[in-house]
>>> print(open('data-v4.pdb').read())   # PDB, C-alpha atoms
ATOM      1  CA  MET A   6      37.528  27.859  -6.969
ATOM      2  CA  THR A   7      38.484  27.037  -3.386
ATOM      3  CA  LEU A   8      36.732  24.380  -1.311
ATOM      4  CA  ASP A   9      35.128  26.999   0.945
ATOM      5  CA  ALA A  10      33.749  28.896  -2.018
ATOM      6  CA  LEU A  11      32.488  25.672  -3.580
ATOM      7  CA  VAL A  12      30.695  24.650  -0.394
ATOM      8  CA  SER A  13      29.211  28.100   0.143
ATOM      9  CA  ARG A  14      27.852  28.162  -3.407
ATOM     10  CA  TRP A  15      26.670  24.576  -3.812
ATOM     11  CA  GLY A  16      26.130  23.495  -0.202
ATOM     12  CA  PRO A  17      22.729  25.095   0.599
ATOM     13  CA  THR A  18      21.198  24.078  -2.718
ATOM     14  CA  TYR A  19      22.553  20.549  -2.425
ATOM     15  CA  LEU A  20      21.217  20.180   1.117
ATOM     16  CA  MET A  21      17.692  21.234   0.136
ATOM     17  CA  ILE A  22      17.665  19.047  -2.977
ATOM     18  CA  LEU A  23      19.020  16.170  -0.879
ATOM     19  CA  ALA A  24      16.040  16.497   1.458
ATOM     20  CA  ARG A  25      13.677  16.420  -1.538
ATOM     21  CA  CYS A  26      15.434  13.383  -3.034
ATOM     22  CA  GLY A  27      15.403  11.716   0.372
ATOM     23  CA  GLY A  28      11.618  12.022   0.481
ATOM     24  CA  VAL A  29      11.269  10.326  -2.905
ATOM     25  CA  VAL A  30      13.673   7.518  -1.999
ATOM     26  CA  ALA A  31      12.074   6.944   1.415
ATOM     27  CA  PHE A  32       8.450   6.934   0.275
ATOM     28  CA  GLY A  33       8.766   5.882  -3.358
ATOM     29  CA  PRO A  34       8.183   2.355  -4.677
ATOM     30  CA  VAL A  35      10.891  -0.293  -5.135
ATOM     31  CA  VAL A  36      13.768   1.877  -3.818
ATOM     32  CA  GLY A  37      11.752   2.662  -0.691
ATOM     33  CA  SER A  38      11.552  -1.009   0.244
ATOM     34  CA  GLN A  39      12.820  -1.820   3.715
ATOM     35  CA  ALA A  40      14.634  -4.783   2.187
ATOM     36  CA  ILE A  41      17.113  -2.349   0.604
ATOM     37  CA  PRO A  42      19.926  -1.404   3.027
ATOM     38  CA  PRO A  43      19.581   2.132   4.422
ATOM     39  CA  LEU A  44      23.141   2.941   3.348
ATOM     40  CA  LEU A  45      22.284   2.121  -0.254
ATOM     41  CA  ARG A  46      19.165   4.278  -0.151
ATOM     42  CA  THR A  47      21.140   7.137   1.387
ATOM     43  CA  GLY A  48      23.759   6.851  -1.330
ATOM     44  CA  LEU A  49      21.080   6.853  -4.027
ATOM     45  CA  ALA A  50      19.490   9.996  -2.596
ATOM     46  CA  GLY A  51      22.902  11.669  -2.406
ATOM     47  CA  ALA A  52      23.753  10.753  -6.009
ATOM     48  CA  LEU A  53      20.395  12.034  -7.283
ATOM     49  CA  ALA A  54      20.816  15.261  -5.328
ATOM     50  CA  LEU A  55      24.303  15.745  -6.756
ATOM     51  CA  MET A  56      23.047  15.359 -10.330
ATOM     52  CA  LEU A  57      20.086  17.668  -9.804
ATOM     53  CA  THR A  58      22.271  20.274  -8.099
ATOM     54  CA  SER A  59      24.602  20.328 -11.089
ATOM     55  CA  LEU A  60      21.628  20.650 -13.442
ATOM     56  CA  SER A  61      20.225  23.551 -11.416
ATOM     57  CA  GLY A  62      23.449  25.528 -11.707
ATOM     58  CA  GLY A  63      24.288  25.110  -8.050
ATOM     59  CA  ARG A  64      23.229  28.557  -6.895
ATOM     60  CA  GLY A  65      19.920  28.662  -5.072
ATOM     61  CA  PRO A  66      18.276  30.425  -2.168
ATOM     62  CA  ASP A  67      20.264  30.664   1.044
ATOM     63  CA  LEU A  68      19.334  28.538   4.019
ATOM     64  CA  PRO A  69      17.920  30.349   7.058
ATOM     65  CA  SER A  70      20.353  30.760   9.926
ATOM     66  CA  ASN A  71      17.752  30.040  12.605
ATOM     67  CA  PRO A  72      17.860  26.296  13.519
ATOM     68  CA  ILE A  73      14.087  26.056  13.789
ATOM     69  CA  ALA A  74      13.585  27.766  10.432
ATOM     70  CA  LEU A  75      16.279  25.533   8.925
ATOM     71  CA  ALA A  76      14.530  22.393  10.189
ATOM     72  CA  ALA A  77      11.192  23.653   8.832
ATOM     73  CA  THR A  78      12.806  24.375   5.462
ATOM     74  CA  LEU A  79      14.311  20.903   5.170
ATOM     75  CA  MET A  80      11.051  19.291   6.296
ATOM     76  CA  GLY A  81       9.208  21.225   3.612
ATOM     77  CA  GLU A  82      11.579  19.970   0.920
ATOM     78  CA  LEU A  83      11.315  16.457   2.338
ATOM     79  CA  ALA A  84       7.522  16.743   2.098
ATOM     80  CA  VAL A  85       7.739  17.608  -1.606
ATOM     81  CA  GLY A  86       9.658  14.417  -2.311
ATOM     82  CA  ALA A  87       7.388  12.440  -0.008
ATOM     83  CA  VAL A  88       4.199  13.407  -1.838
ATOM     84  CA  LEU A  89       5.781  12.409  -5.159
ATOM     85  CA  GLY A  90       6.662   9.010  -3.753
ATOM     86  CA  LEU A  91       3.247   8.596  -2.118
ATOM     87  CA  ALA A  92       1.502   9.331  -5.417
ATOM     88  CA  VAL A  93       3.049   6.143  -6.806
ATOM     89  CA  ARG A  94       2.646   4.234  -3.558
ATOM     90  CA  PHE A  95      -1.111   4.755  -3.712
ATOM     91  CA  THR A  96      -1.248   2.857  -6.998
ATOM     92  CA  PHE A  97       0.725   0.003  -5.467
ATOM     93  CA  ALA A  98      -1.579   0.128  -2.441
ATOM     94  CA  GLY A  99      -4.600  -0.263  -4.720
ATOM     95  CA  ILE A 100      -3.007  -3.299  -6.359
ATOM     96  CA  GLY A 101      -2.258  -4.721  -2.922
ATOM     97  CA  MET A 102      -5.869  -4.227  -1.822
ATOM     98  CA  ALA A 103      -7.013  -6.035  -4.958
ATOM     99  CA  GLY A 104      -4.789  -8.976  -4.038
ATOM    100  CA  GLU A 105      -6.210  -9.100  -0.522
ATOM    101  CA  LEU A 106      -9.788  -8.958  -1.812
ATOM    102  CA  ALA A 107      -9.137 -11.742  -4.303
ATOM    103  CA  ALA A 108      -7.388 -13.857  -1.670
ATOM    104  CA  VAL A 109     -10.250 -13.546   0.811
ATOM    105  CA  GLN A 110     -12.825 -14.447  -1.851
ATOM    106  CA  MET A 111     -10.787 -17.469  -2.925
ATOM    107  CA  GLY A 112     -10.333 -18.636   0.660
ATOM    108  CA  VAL A 113      -6.530 -18.280   0.714
ATOM    109  CA  GLY A 114      -6.340 -15.094   2.756
ATOM    110  CA  LEU A 115      -4.865 -16.716   5.855
ATOM    111  CA  PRO A 116      -1.597 -18.209   4.482
ATOM    112  CA  ALA A 117       0.823 -15.268   4.379
ATOM    113  CA  ALA A 118       4.199 -14.492   2.826
ATOM    114  CA  LEU A 119       6.686 -11.704   3.485
ATOM    115  CA  ASP A 120       6.301  -8.711   1.193
ATOM    116  CA  PRO A 121       9.784  -7.280   0.444
ATOM    117  CA  LEU A 122       8.355  -3.808  -0.213
ATOM    118  CA  SER A 123       6.571  -3.281   3.089
ATOM    119  CA  MET A 124       8.219  -6.094   5.114
ATOM    120  CA  VAL A 125       4.804  -7.273   6.368
ATOM    121  CA  GLN A 126       2.917 -10.540   5.987
ATOM    122  CA  VAL A 127       0.605 -10.538   2.962
ATOM    123  CA  SER A 128      -1.432 -13.170   1.164
ATOM    124  CA  SER A 129       0.031 -15.161  -1.700
ATOM    125  CA  VAL A 130      -2.271 -13.462  -4.232
ATOM    126  CA  ASN A 131      -1.246 -10.035  -2.940
ATOM    127  CA  HIS A 132       2.408 -11.018  -3.226
ATOM    128  CA  LEU A 133       1.891 -12.220  -6.810
ATOM    129  CA  LEU A 134       0.145  -9.019  -7.888
ATOM    130  CA  ASP A 135       2.781  -6.884  -6.162
ATOM    131  CA  GLN A 136       5.572  -8.588  -8.083
ATOM    132  CA  ILE A 137       3.664  -8.177 -11.341
ATOM    133  CA  ALA A 138       3.047  -4.516 -10.480
ATOM    134  CA  ILE A 139       6.781  -3.946  -9.970
ATOM    135  CA  LEU A 140       7.564  -5.516 -13.350
ATOM    136  CA  VAL A 141       4.851  -3.468 -15.065
ATOM    137  CA  PHE A 142       6.002  -0.291 -13.300
ATOM    138  CA  LEU A 143       9.563  -0.782 -14.523
ATOM    139  CA  GLY A 144       8.416  -1.995 -17.946
ATOM    140  CA  VAL A 145       6.329   1.093 -18.724
ATOM    141  CA  GLY A 146       9.050   3.418 -17.434
ATOM    142  CA  GLY A 147       7.332   4.478 -14.228
ATOM    143  CA  HIS A 148      10.707   4.966 -12.541
ATOM    144  CA  HIS A 149      11.729   7.280 -15.387
ATOM    145  CA  ALA A 150       8.527   9.284 -14.886
ATOM    146  CA  LEU A 151       9.277   9.579 -11.159
ATOM    147  CA  LEU A 152      12.830  10.770 -11.762
ATOM    148  CA  ALA A 153      11.611  13.214 -14.413
ATOM    149  CA  ALA A 154       9.030  14.568 -11.977
ATOM    150  CA  LEU A 155      11.744  14.982  -9.353
ATOM    151  CA  ALA A 156      13.825  17.031 -11.782
ATOM    152  CA  GLN A 157      10.754  18.939 -12.964
ATOM    153  CA  SER A 158       9.853  19.778  -9.375
ATOM    154  CA  LEU A 159      12.768  22.221  -9.240
ATOM    155  CA  THR A 160      10.913  24.280 -11.855
ATOM    156  CA  LEU A 161       7.264  23.714 -10.956
ATOM    157  CA  ALA A 162       7.882  23.852  -7.187
ATOM    158  CA  PRO A 163      11.178  25.727  -6.695
ATOM    159  CA  LEU A 164      13.175  25.452  -3.519
ATOM    160  CA  LEU A 165      11.718  27.328  -0.546
ATOM    161  CA  SER A 166       8.401  27.793  -2.358
ATOM    162  CA  VAL A 167       6.368  25.218  -0.442
ATOM    163  CA  GLY A 168       3.420  26.654   1.439
ATOM    164  CA  PHE A 169       1.104  25.245   4.067
ATOM    165  CA  ASP A 170      -2.241  26.753   3.163
ATOM    166  CA  GLY A 171      -3.922  23.615   1.806
ATOM    167  CA  GLY A 172      -4.457  21.959  -1.584
ATOM    168  CA  THR A 173      -2.064  19.038  -1.786
ATOM    169  CA  MET A 174      -3.703  16.793   0.801
ATOM    170  CA  GLU A 175      -7.025  16.964  -1.027
ATOM    171  CA  TYR A 176      -5.273  15.896  -4.210
ATOM    172  CA  LEU A 177      -3.632  12.974  -2.393
ATOM    173  CA  LEU A 178      -7.029  11.928  -1.050
ATOM    174  CA  GLY A 179      -8.270  11.903  -4.630
ATOM    175  CA  LEU A 180      -5.374   9.621  -5.550
ATOM    176  CA  PHE A 181      -6.311   7.329  -2.675
ATOM    177  CA  GLN A 182      -9.877   7.214  -3.982
ATOM    178  CA  ALA A 183      -8.530   6.287  -7.412
ATOM    179  CA  ALA A 184      -6.521   3.509  -5.743
ATOM    180  CA  LEU A 185      -9.718   2.094  -4.247
ATOM    181  CA  PHE A 186     -11.371   2.058  -7.676
ATOM    182  CA  LEU A 187      -8.267   0.371  -9.091
ATOM    183  CA  ALA A 188      -8.495  -2.321  -6.404
ATOM    184  CA  ILE A 189     -12.133  -3.019  -7.269
ATOM    185  CA  ARG A 190     -11.342  -3.205 -10.996
ATOM    186  CA  LEU A 191      -8.478  -5.625 -10.479
ATOM    187  CA  ALA A 192     -10.399  -7.851  -8.066
ATOM    188  CA  ALA A 193     -13.585  -7.846 -10.172
ATOM    189  CA  PRO A 194     -12.763 -10.946 -12.334
ATOM    190  CA  VAL A 195     -12.085 -13.142  -9.306
ATOM    191  CA  GLY A 196     -15.066 -11.672  -7.466
ATOM    192  CA  ALA A 197     -17.412 -12.418 -10.370
ATOM    193  CA  ALA A 198     -16.054 -15.961 -10.665
ATOM    194  CA  MET A 199     -16.486 -16.560  -6.933
ATOM    195  CA  LEU A 200     -20.068 -15.270  -7.082
ATOM    196  CA  ALA A 201     -20.843 -17.633  -9.954
ATOM    197  CA  THR A 202     -19.211 -20.488  -8.019
ATOM    198  CA  VAL A 203     -21.309 -19.807  -4.921
ATOM    199  CA  VAL A 204     -24.495 -19.692  -7.005
ATOM    200  CA  ALA A 205     -23.558 -22.943  -8.749
ATOM    201  CA  LEU A 206     -22.831 -24.653  -5.432
ATOM    202  CA  GLY A 207     -26.148 -23.407  -4.037
ATOM    203  CA  LEU A 208     -28.006 -24.889  -7.000
ATOM    204  CA  LEU A 209     -26.049 -28.139  -6.620
ATOM    205  CA  ASN A 210     -27.044 -28.310  -2.970
ATOM    206  CA  ARG A 211     -30.698 -27.962  -3.944
ATOM    207  CA  VAL A 212     -30.503 -30.553  -6.721
ATOM    208  CA  ALA A 213     -28.290 -33.092  -4.916
ATOM    209  CA  PRO A 214     -28.507 -32.582  -1.136
ATOM    210  CA  GLN A 215     -26.420 -35.681  -0.523
ATOM    211  CA  VAL A 216     -23.316 -33.925  -1.923
ATOM    212  CA  ASN A 217     -21.172 -32.347   0.781
ATOM    213  CA  VAL A 218     -21.091 -28.886  -0.766
ATOM    214  CA  PHE A 219     -19.247 -27.418   2.212
ATOM    215  CA  MET A 220     -16.202 -29.628   1.665
ATOM    216  CA  VAL A 221     -16.300 -29.273  -2.114
ATOM    217  CA  SER A 222     -16.457 -25.482  -1.951
ATOM    218  CA  PHE A 223     -12.923 -25.093  -0.547
ATOM    219  CA  ALA A 224     -11.061 -26.822  -3.353
ATOM    220  CA  LEU A 225     -13.474 -25.560  -6.012
ATOM    221  CA  SER A 226     -13.161 -21.913  -4.946
ATOM    222  CA  ILE A 227      -9.366 -22.064  -4.932
ATOM    223  CA  GLY A 228      -9.210 -23.862  -8.281
ATOM    224  CA  VAL A 229     -11.682 -21.566 -10.046
ATOM    225  CA  GLY A 230     -10.067 -18.493  -8.520
ATOM    226  CA  LEU A 231      -6.579 -19.485  -9.662
ATOM    227  CA  LEU A 232      -7.768 -20.295 -13.184
ATOM    228  CA  VAL A 233      -9.588 -16.981 -13.495
ATOM    229  CA  LEU A 234      -6.655 -15.085 -11.999
ATOM    230  CA  LEU A 235      -4.158 -16.666 -14.392
ATOM    231  CA  GLY A 236      -6.461 -16.117 -17.348
ATOM    232  CA  ALA A 237      -7.010 -12.472 -16.422
ATOM    233  CA  LEU A 238      -3.325 -11.635 -15.902
ATOM    234  CA  PRO A 239      -2.927  -9.977 -19.348
ATOM    235  CA  VAL A 240      -5.963  -7.784 -18.645
ATOM    236  CA  LEU A 241      -4.769  -6.998 -15.128
ATOM    237  CA  GLY A 242      -1.338  -6.096 -16.489
ATOM    238  CA  ALA A 243      -2.931  -3.746 -19.022
ATOM    239  CA  VAL A 244      -4.970  -2.062 -16.269
ATOM    240  CA  MET A 245      -1.826  -1.623 -14.160
ATOM    241  CA  ALA A 246       0.065  -0.231 -17.151
ATOM    242  CA  GLY A 247      -2.739   2.270 -17.764
ATOM    243  CA  SER A 248      -2.613   3.416 -14.148
ATOM    244  CA  PHE A 249       1.161   3.815 -14.208
ATOM    245  CA  GLY A 250       0.921   5.583 -17.567
ATOM    246  CA  GLU A 251      -1.085   8.359 -15.921
ATOM    247  CA  LEU A 252       1.748   9.158 -13.496
ATOM    248  CA  PRO A 253       3.278  12.061 -15.509
ATOM    249  CA  THR A 254      -0.071  13.886 -15.509
ATOM    250  CA  THR A 255      -0.519  13.094 -11.826
ATOM    251  CA  PHE A 256       2.909  14.493 -10.986
ATOM    252  CA  VAL A 257       2.267  17.739 -12.858
ATOM    253  CA  GLY A 258      -1.029  18.290 -11.056
ATOM    254  CA  LEU A 259       0.544  17.394  -7.730
ATOM    255  CA  LEU A 260       3.505  19.740  -8.133
ATOM    256  CA  ALA A 261       1.216  22.579  -9.149
ATOM    257  CA  ARG A 262      -0.606  22.181  -5.846
ATOM    258  CA  VAL A 263       2.544  21.687  -3.799
ATOM    259  CA  ARG A 264       3.721  25.125  -4.850
ATOM    260  CA  HIS A 265       0.593  26.681  -3.386
ATOM    261  CA  GLY A 266       0.436  24.631  -0.211
ATOM    262  CA  LEU A 267       0.466  21.229   1.404
TER     263      LEU A 267
END
>>> encode(input="data-v4.pdb", output="structure tokens")
Amino acid sequence: MTLDALVSRWGPTYLMILARCGGVVAFGPVVGSQAIPPLLRTGLAGALALMLTSLSGGRGPDLPSNPIALAATLMGELAVGAVLGLAVRFTFAGIGMAGELAAVQMGVGLPAALDPLSMVQVSSVNHLLDQIAILVFLGVGGHHALLAALAQSLTLAPLLSVGFDGGTMEYLLGLFQAALFLAIRLAAPVGAAMLATVVALGLLNRVAPQVNVFMVSFALSIGVGLLVLLGALPVLGAVMAGSFGELPTTFVGLLARVRHGL
């Protein structure tokens, strides 16, 4: 087979799959981190697209010749990969919100550290939970589920089958709502401990007014919060693992809606 024939057969399919893989790599967790060089992310998307193109047989629908239609086609395929990546990102966002809630309740919300995933300043508790979430995500095979969903998308949402008549955005909003519930569940142990600490300090202030409760509360809140957080880490890890374990079902439902419209 000549080079021209090879490009004409595999080129259009590879280009569309590359756009879909690019969406996953750009918006997905871990690999979508801004700390990873753009060249490395581009190479990863190209390698994934090459493997998926070979698995698909190489022959797919032809690209439109109109430049505007071509751009719309590639943007549609990019959107398919983006929604897959965002489905996982929402879970990480819920874990991040839990870290911020816990940090504010403990009184350590102001000191910030650089988050390598989003390249923004976050609290130390948020940073800790994010790193644990990455380990749990990789430990339970969340990256395998994401790659499997990317390959499965060629069947459940074939190339050039993406519509724009609604359905997917509502599903993503539901995932965002689930992320909020996840944040509340993860921050609940620290929140309950901080509530008990405030009540105890209030009673102490009534019993012994000479004690400077205001000064004591800072160190006590941080100490109690850290002890509760460290003690609850196994439970928090199990909750994260359960959320990441639901990803295959989430991807199937998401791809079923992508096929009918964004």
>>> resolve_selection(input="data-v4.pdb", expression="the PyMOL selection byres ((chain A and resi 259-261) around 7)", output="PyMOL selection string")
chain A and resi 158+161-162+173+176+255-258+262-264
>>> resolve_selection(input="data-v4.pdb", expression="the PyMOL selection byres ((chain A and resi 130) around 8)", output="ChimeraX atom specification")
/A:104-105,107-108,128-129,131-134
>>> residues_around(input="data-v4.pdb", residues="Leu60 in chain A", least_positions_apart="5", cutoff="12 Å", atoms="all atoms listed in the file", output="PyMOL selection string")
chain A and resi 15+18-19+22+53-55+65+156-157+159-160
>>> residues_near_point(input="data-v4.pdb", point="(-4.4, -4.6, -16.9)", cutoff="12 Å", atoms="only C-alpha atoms", output="number ranges by chain")
A: 100, 134, 137-138, 141-142, 187-188, 190-194, 234, 236-250
>>> closest_residue(input="data-v4.pdb", among="A:Ala183, A:Ala77, A:Ala24, A:Met111", to="Thr202 in chain A", atoms="only C-alpha atoms")
A:Met111
>>> atom_distance(input="data-v4.pdb", atom1="CA of Phe97 in chain A", atom2="CA of Leu177 in chain A")
14.0 Å
>>> atom_distance(input="data-v4.pdb", atom1="CA of Leu231 in chain A", atom2="CA of Arg94 in chain A")
26.2 Å
>>> resolve_selection(input="data-v4.pdb", expression="the PyMOL selection byres ((chain A and resi 203) around 12)", output="number ranges by chain")
A: 110-111, 196-202, 204-210, 218-219, 221-223, 225-226, 229-230
>>> closest_residue(input="data-v4.pdb", among="A:Gly144, A:Pro214, A:Gly101, A:Gly90", to="Gly33 in chain A", atoms="all atoms listed in the file")
A:Gly90
>>> closest_residue(input="data-v4.pdb", among="A:Met80, A:Leu57, A:Ile139, A:Cys26", to="Ser38 in chain A", atoms="only C-alpha atoms")
A:Ile139
